[in-house]
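Notes for the one structure printed next.
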Amino acid sequence: MKRHPKTKNIFADKASLLPRMMLKEPEKKWVLRDFTAQQGISIGMAQAVLETMALKGYVERVKKGPDSYTLLTNREALIADWTKEYQFDQNDVDTYYSSDKNILRRIKAVLGSNQYALTLHAGANIITSFVKTEEAYLYLNLKNWESDLLDLRQKLELKELVSGGNIHIIRPLYKNSVFFNAQNINGFSVVSNLQLYLDLYGFQPRGREHAKHLKELLEKQEKHLD
């Protein structure tokens, strides 16, 4: 009986750092040490992820002894399959209310750029101005989640309602990788274009529409989802 090789879930948190790195530099010839320099990635994990990516047809592994390397060859398929595996609602989200029309500026003033990152329509709108919304979704990077979140809520005067709200605090599924390649746009911290696309793609309302518009806009600017 022919055995199928065991595959790695390349879209899991730490494992996803490899495809994220490759999408950031899609023309690069990658070797194992490029990945193992990233915190938390072992040689074994890197090898397993690359083997799975090769089996899926996303990369080509060129074997030349000590000069061996891996090249990303099908980023469109990689991203398309990622959107099938990942849904934004896999994250934990707490919702609060603020009547402050300048709440994003207050968030920026209270938090450092490495402590938060906007996503979904609020993040993508800074690039696209595509969907009118008063909802703000942001990932937080907190050391002591409960106490730090309480402190933040007090500083921003965020109210907890019985239902509804407009400020959505996200405890990320991708604890290690969601801030990878985060960007500063007009002074605001925003997740990477890739993470924006992944978050938007299965989100309602108008998430997929916005995701496709973002991708098209980036392509016109000769940029890509990274």
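Here's how to read the names in the structure tokens: chain A, B, ... by the order shown, residue numbers from 1 in each chain, ligand numbers from 1 in the order shown.
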Applying 7 Å and only C-alpha atoms, which residues near stretch 209-224 of chain A remain after dropping the ones on its own chain fewer than 4 positions away? List them as a VMD selection string. chain A and resid 128 130 197 200 to 201
Mind checking DSSP for stretch 23-151 of chain A and telling me the alpha helix (DSSP H) residues as a ChimeraX atom specification? /A:23-24,32-36,43-55,75-85,103-110,120-128,145-151
Show which residues sit within 10 Å of A:Lys84, as a ChimeraX atom specification. Count only C-alpha atoms, and ignore same-chain residues fewer than 3 positions away. /A:79-81,87,198,201-202
Could you take the residues named above and write them with C-alpha atoms, as an mmCIF file, in the first residue's frame?
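What landed in part24.cif:
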```cif
data_model
loop_
_atom_site.group_PDB
_atom_site.id
_atom_site.type_symbol
_atom_site.label_atom_id
_atom_site.label_comp_id
_atom_site.auth_asym_id
_atom_site.auth_seq_id
_atom_site.Cartn_x
_atom_site.Cartn_y
_atom_site.Cartn_z
ATOM 1 C CA ILE A 79 -3.638 32.784 -1.128
ATOM 2 C CA ALA A 80 -6.806 31.274 -2.608
ATOM 3 C CA ASP A 81 -6.404 28.111 -0.533
ATOM 4 C CA GLN A 87 -12.146 32.737 8.651
ATOM 5 C CA LEU A 198 -7.638 37.188 4.635
ATOM 6 C CA TYR A 201 -12.522 37.747 2.418
ATOM 7 C CA GLY A 202 -15.101 35.855 4.484
#
```
Please return, as a VMD selection string, all residues of stretch 8-193 of chain A that DSSP assigns to strand (DSSP E) on the basis of the backbone. chain A and resid 59 to 62 69 to 72 92 to 96 116 to 119 136 to 140 167 to 171 183 to 185 188 to 190
Report the distance between atom CA of A:Leu71 and atom CA of A:Lys8 in Å, rounded to one decimal place.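 Computing the Euclidean distance for atom CA of A:Leu71 and atom CA of A:Lys8 yields 18.2 Å.
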To one decimal in Å, tell me the separation between atom CA of A:Leu150 and atom CA of A:Gln204. 28.2 Å
Using only C-alpha atoms, determine which residues lie at most 10 Å from A:Asn91, disregarding the query and same-chain residues fewer than 5 positions distant; provide the list as a PyMOL selection string. chain A and resi 139+170-175+199
Between atom CA of A:Ser163 and atom CA of A:Asp94, measure the distance and give it in Å to one decimal. 11.0 Å
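With distances taken over only C-alpha atoms, A:Val31 is the one residue among A:Val31, A:Ala77, A:Leu18, A:Val49 lying closest to A:Val62.
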Using only C-alpha atoms, which of A:Tyr69, A:Tyr58, A:Phe11, A:Tyr137 sits nearest A:Lys28?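 So, comparing all the options, the nearest one is A:Tyr69.
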Taking only C-alpha atoms into account, name the residue in A:Thr119, A:Ser113, A:Ser98, A:Ser129 that is nearest to A:Lys155.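 Closest residue, counting only C-alpha atoms: A:Ser98.
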Considering only C-alpha atoms, state which residue in the set A:Glu27, A:Glu85, A:Glu51, A:Asp100 is at the smallest distance from A:Lys159. A:Asp100
Do you know which residues are at most 12 Å from A:Met21 counting only C-alpha atoms, after dropping those on the same chain fewer than 3 positions away, and could you put them as a PyMOL selection string? chain A and resi 14-18+24-31+34-38+46+71-72+75+177+180-181+192+194+225-226
